[in-house]
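Peer 1: Got a structure for you, questions after.
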Amino acid sequence: MKFTVLGPLTLSDGGGLRALPTAPKTRSLLALLVLHVGQPVPQDICREELWPEEMPPTAVQSLHTRVLHLRQALAAVPSVGSLRAAKQILATEPGGYALRLGENDLDLHDLEHRLRVARQAELVRDDRKLSFALRDALSLWCGPVLGDTPAGPRIQAHVTSLEERRVTLLEKCVEAELRLGLHHELLPELRSLTVYFPTHENLHAQYMIALYRSGRVAQCLEAYRQLRDRLVRQIGIEPSPRLRELHAAVLAESPELTAPGPGPAGRLSPSFGSRLLSAG
């Protein structure tokens, strides 16, 4: 049995997807319990998540009914097989409920495992292994987090955190791949990312470096100009000092901006671009 939240909320078992309740609030309750897997979630927290604005008089009974529907859905999963077993998985706790899952029953557990591999690669400064591990972790996202499930305030906080984590991991991955000299290969991805995140300075800095190292200086300067115009027009601020430093280095054709070559023991030597991206 496997739950996923890094995309649509799904449950699979035996290689196939299993039906989950379609009622929006029942799905929200399940998402809340999955995001707090192994932890008791008090009933009042559940009710506040499902009815954040105005709680109906029937909220307590409605919550109990939704828990029953979730247990019935779990009981229909072959590896669970009965309502009694489902009650062990979606357990009643003093004042609340807890979802009990195994170590490999949630994609967030897979994410943590893959990130441990990435951290080990980072510790030994192995950019190639780091790139592979981060791409492996990023492959777990298959769309907006819980994109098919209504989100109250607590679910939304988790969604925002996981989406921010995705971008942070992607930045770190691109930085490693720039150190590996993969600027040509990264151009299409970075172009799309700067469109999707039009005021994200670090992604634009990575795009500028990839353009410059690919011999596209005019496009590099145009990318900076467009970003600056958006920052000034939409937010009322100038680009950060580190981005202005990168722009100045491009104008000066600084030799430190060139792609790094092999360093000692096969390690890529530091570059001006990587120093800028790692700053701040």
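Labels for the structure tokens follow display order: chains A, B, ..., residues from 1 in each chain, ligands from 1.
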Could you give me, as a PyMOL selection string, the residues within 10 Å of His200 in chain A, counting only C-alpha atoms and dropping anything in the same chain fewer than 6 positions from it?
Peer 2: chain A and resi 193-194+227+231
Peer 1: Going by DSSP on the backbone, which bits of range 138-211 of chain A are alpha helix (DSSP H)? Write them as a PyMOL selection string, please.
Peer 2: chain A and resi 138+153-179+183-196+201-211
Peer 1: Write out as a VMD selection string the residues lying within 9 Å of Cys173 in chain A, counting only C-alpha atoms and excluding same-chain residues fewer than 6 positions away.
Peer 2: chain A and resid 127 130 to 135
Peer 1: Let's have the selection written as a PDB file, in the first residue's frame, with all heavy atoms.
Peer 2:
```pdb
ATOM      1  N   ASP A 127      29.817  15.956  -7.184  1.00  0.00           N
ATOM      2  CA  ASP A 127      28.729  16.631  -7.891  1.00  0.00           C
ATOM      3  C   ASP A 127      27.951  15.695  -8.803  1.00  0.00           C
ATOM      4  O   ASP A 127      26.737  15.866  -8.970  1.00  0.00           O
ATOM      5  CB  ASP A 127      29.279  17.804  -8.710  1.00  0.00           C
ATOM      6  CG  ASP A 127      29.580  19.011  -7.848  1.00  0.00           C
ATOM      7  OD1 ASP A 127      28.848  19.229  -6.866  1.00  0.00           O
ATOM      8  OD2 ASP A 127      30.547  19.736  -8.144  1.00  0.00           O
ATOM      9  N   LEU A 130      25.707  13.765  -6.594  1.00  0.00           N
ATOM     10  CA  LEU A 130      24.724  14.703  -6.045  1.00  0.00           C
ATOM     11  C   LEU A 130      23.645  15.000  -7.075  1.00  0.00           C
ATOM     12  O   LEU A 130      22.448  15.017  -6.760  1.00  0.00           O
ATOM     13  CB  LEU A 130      25.421  15.995  -5.616  1.00  0.00           C
ATOM     14  CG  LEU A 130      24.525  17.127  -5.108  1.00  0.00           C
ATOM     15  CD1 LEU A 130      23.733  16.689  -3.888  1.00  0.00           C
ATOM     16  CD2 LEU A 130      25.369  18.363  -4.775  1.00  0.00           C
ATOM     17  N   SER A 131      24.052  15.233  -8.322  1.00  0.00           N
ATOM     18  CA  SER A 131      23.092  15.497  -9.389  1.00  0.00           C
ATOM     19  C   SER A 131      22.141  14.327  -9.564  1.00  0.00           C
ATOM     20  O   SER A 131      20.915  14.494  -9.627  1.00  0.00           O
ATOM     21  CB  SER A 131      23.832  15.784 -10.701  1.00  0.00           C
ATOM     22  OG  SER A 131      22.950  15.754 -11.792  1.00  0.00           O
ATOM     23  N   PHE A 132      22.677  13.112  -9.640  1.00  0.00           N
ATOM     24  CA  PHE A 132      21.829  11.933  -9.810  1.00  0.00           C
ATOM     25  C   PHE A 132      20.858  11.778  -8.648  1.00  0.00           C
ATOM     26  O   PHE A 132      19.673  11.475  -8.841  1.00  0.00           O
ATOM     27  CB  PHE A 132      22.681  10.667  -9.935  1.00  0.00           C
ATOM     28  CG  PHE A 132      23.411  10.560 -11.250  1.00  0.00           C
ATOM     29  CD1 PHE A 132      24.652   9.953 -11.310  1.00  0.00           C
ATOM     30  CD2 PHE A 132      22.867  11.060 -12.417  1.00  0.00           C
ATOM     31  CE1 PHE A 132      25.346   9.847 -12.511  1.00  0.00           C
ATOM     32  CE2 PHE A 132      23.547  10.963 -13.625  1.00  0.00           C
ATOM     33  CZ  PHE A 132      24.774  10.359 -13.669  1.00  0.00           C
ATOM     34  N   ALA A 133      21.350  11.974  -7.426  1.00  0.00           N
ATOM     35  CA  ALA A 133      20.501  11.790  -6.247  1.00  0.00           C
ATOM     36  C   ALA A 133      19.390  12.845  -6.197  1.00  0.00           C
ATOM     37  O   ALA A 133      18.236  12.526  -5.861  1.00  0.00           O
ATOM     38  CB  ALA A 133      21.347  11.856  -4.977  1.00  0.00           C
ATOM     39  N   LEU A 134      19.713  14.087  -6.530  1.00  0.00           N
ATOM     40  CA  LEU A 134      18.701  15.136  -6.498  1.00  0.00           C
ATOM     41  C   LEU A 134      17.675  14.956  -7.615  1.00  0.00           C
ATOM     42  O   LEU A 134      16.480  15.176  -7.419  1.00  0.00           O
ATOM     43  CB  LEU A 134      19.367  16.511  -6.592  1.00  0.00           C
ATOM     44  CG  LEU A 134      20.132  16.945  -5.341  1.00  0.00           C
ATOM     45  CD1 LEU A 134      20.879  18.244  -5.581  1.00  0.00           C
ATOM     46  CD2 LEU A 134      19.183  17.101  -4.150  1.00  0.00           C
ATOM     47  N   ARG A 135      18.135  14.556  -8.795  1.00  0.00           N
ATOM     48  CA  ARG A 135      17.173  14.281  -9.876  1.00  0.00           C
ATOM     49  C   ARG A 135      16.253  13.125  -9.488  1.00  0.00           C
ATOM     50  O   ARG A 135      15.054  13.130  -9.812  1.00  0.00           O
ATOM     51  CB  ARG A 135      17.915  13.955 -11.176  1.00  0.00           C
ATOM     52  CG  ARG A 135      18.623  15.132 -11.813  1.00  0.00           C
ATOM     53  CD  ARG A 135      17.671  16.129 -12.399  1.00  0.00           C
ATOM     54  NE  ARG A 135      18.373  17.299 -12.932  1.00  0.00           N
ATOM     55  CZ  ARG A 135      17.761  18.370 -13.400  1.00  0.00           C
ATOM     56  NH1 ARG A 135      16.433  18.442 -13.381  1.00  0.00           N
ATOM     57  NH2 ARG A 135      18.457  19.392 -13.862  1.00  0.00           N
TER      58      ARG A 135
END
```
Peer 1: Between CA of Leu99 in chain A and CA of Ser161 in chain A, what is the distance, to one decimal in Å?
Peer 2: 20.9 Å
Peer 1: Could you give me, as a list of chain:residue names, the residues within 12 Å of Glu222 in chain A, counting only C-alpha atoms and dropping anything in the same chain fewer than 2 positions from it?
Peer 2: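 In the requested form, the answer reads A:His204, A:Tyr207, A:Met208, A:Leu211, A:Tyr212, A:Arg216, A:Val217, A:Ala218, A:Gln219, A:Cys220, A:Tyr224, A:Arg225, A:Gln226, A:Leu227, A:Arg228, A:Asp229, A:His247, A:Val250, A:Leu251.
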Peer 1: Using the chain letters and numbers from this document, which residues of range 46-248 of chain A does DSSP assign to strand (DSSP E), as a list in words?
Peer 2: Leu90, Ala91, Thr92, Glu93, Gly96, Tyr97, Ala98 and Leu99 of chain A
Peer 1: Hey, can you spit out that residue selection with N, CA, C and O atoms as a PDB file, in the first residue's frame?
Peer 2:
```pdb
ATOM      1  N   LEU A  90      -6.006   3.487  10.380  1.00  0.00           N
ATOM      2  CA  LEU A  90      -6.550   4.799  10.754  1.00  0.00           C
ATOM      3  C   LEU A  90      -7.093   4.635  12.161  1.00  0.00           C
ATOM      4  O   LEU A  90      -8.247   4.269  12.373  1.00  0.00           O
ATOM      5  N   ALA A  91      -6.227   4.872  13.131  1.00  0.00           N
ATOM      6  CA  ALA A  91      -6.516   4.531  14.527  1.00  0.00           C
ATOM      7  C   ALA A  91      -7.166   5.699  15.252  1.00  0.00           C
ATOM      8  O   ALA A  91      -6.848   6.869  15.004  1.00  0.00           O
ATOM      9  N   THR A  92      -8.075   5.360  16.165  1.00  0.00           N
ATOM     10  CA  THR A  92      -8.643   6.360  17.064  1.00  0.00           C
ATOM     11  C   THR A  92      -7.697   6.559  18.234  1.00  0.00           C
ATOM     12  O   THR A  92      -7.285   5.598  18.889  1.00  0.00           O
ATOM     13  N   GLU A  93      -7.336   7.812  18.460  1.00  0.00           N
ATOM     14  CA  GLU A  93      -6.470   8.192  19.581  1.00  0.00           C
ATOM     15  C   GLU A  93      -7.283   9.016  20.561  1.00  0.00           C
ATOM     16  O   GLU A  93      -8.357   9.512  20.209  1.00  0.00           O
ATOM     17  N   GLY A  96      -8.613  12.222  19.121  1.00  0.00           N
ATOM     18  CA  GLY A  96      -8.306  12.443  17.718  1.00  0.00           C
ATOM     19  C   GLY A  96      -8.060  11.159  16.952  1.00  0.00           C
ATOM     20  O   GLY A  96      -8.510  10.077  17.359  1.00  0.00           O
ATOM     21  N   TYR A  97      -7.295  11.274  15.856  1.00  0.00           N
ATOM     22  CA  TYR A  97      -7.026  10.148  14.974  1.00  0.00           C
ATOM     23  C   TYR A  97      -5.572  10.191  14.521  1.00  0.00           C
ATOM     24  O   TYR A  97      -4.947  11.250  14.487  1.00  0.00           O
ATOM     25  N   ALA A  98      -5.067   9.007  14.165  1.00  0.00           N
ATOM     26  CA  ALA A  98      -3.699   8.923  13.642  1.00  0.00           C
ATOM     27  C   ALA A  98      -3.666   7.894  12.529  1.00  0.00           C
ATOM     28  O   ALA A  98      -4.283   6.826  12.636  1.00  0.00           O
ATOM     29  N   LEU A  99      -2.936   8.206  11.470  1.00  0.00           N
ATOM     30  CA  LEU A  99      -2.737   7.277  10.366  1.00  0.00           C
ATOM     31  C   LEU A  99      -1.414   6.562  10.585  1.00  0.00           C
ATOM     32  O   LEU A  99      -0.357   7.202  10.689  1.00  0.00           O
TER      33      LEU A  99
END
```
Peer 1: Got a sec: who's within 12 Å of range 41-44 of chain A, counting only C-alpha atoms, leaving out chain neighbours fewer than 2 positions off, as a PyMOL selection string?
Peer 2: chain A and resi 29-39+46-52+55+59-64+66-67+90-100+154
Peer 1: Please provide as a PyMOL selection string all residues within 7 Å of Gly7 in chain A, with the sequence filter that same-chain residues fewer than 2 positions apart are discarded (counting only C-alpha atoms).
Peer 2: chain A and resi 5+9+141-147
Peer 1: Can I get the selected residues back with C-alpha atoms, as an mmCIF file, in the first residue's frame?
Peer 2:
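result12.cif written:
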```cif
data_model
loop_
_atom_site.group_PDB
_atom_site.id
_atom_site.type_symbol
_atom_site.label_atom_id
_atom_site.label_comp_id
_atom_site.auth_asym_id
_atom_site.auth_seq_id
_atom_site.Cartn_x
_atom_site.Cartn_y
_atom_site.Cartn_z
ATOM 1 C CA VAL A 5 1.070 13.584 -1.893
ATOM 2 C CA LEU A 9 -3.456 12.396 -3.566
ATOM 3 C CA TRP A 141 6.963 15.150 -7.786
ATOM 4 C CA CYS A 142 4.334 14.421 -10.424
ATOM 5 C CA GLY A 143 2.441 17.704 -10.304
ATOM 6 C CA PRO A 144 1.435 20.354 -7.757
ATOM 7 C CA VAL A 145 1.446 18.960 -4.232
ATOM 8 C CA LEU A 146 -2.067 17.678 -3.411
ATOM 9 C CA GLY A 147 -3.256 19.545 -6.484
#
```
Peer 1: Looking at A:Glu112, A:Asp148, A:Asp136, A:Asp107, which one is nearest to Ser12 in chain A, with distances taken over only C-alpha atoms?
Peer 2: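 Using only C-alpha atoms, the shortest distance to Ser12 in chain A belongs to A:Asp107.
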Peer 1: Restricting the calculation to only C-alpha atoms: of A:Ser79, A:Arg128, A:Leu182, A:Ser139, which residue gets closest to Asp13 in chain A?
Peer 2: A:Ser79
Peer 1: Let me make sure I understand: among A:Val77, A:Pro8, A:Ala205, A:Leu123, which one has the smallest atom-to-atom distance to Arg242 in chain A if we use only C-alpha atoms?
Peer 2: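 The closest residue to Arg242 in chain A is A:Ala205.
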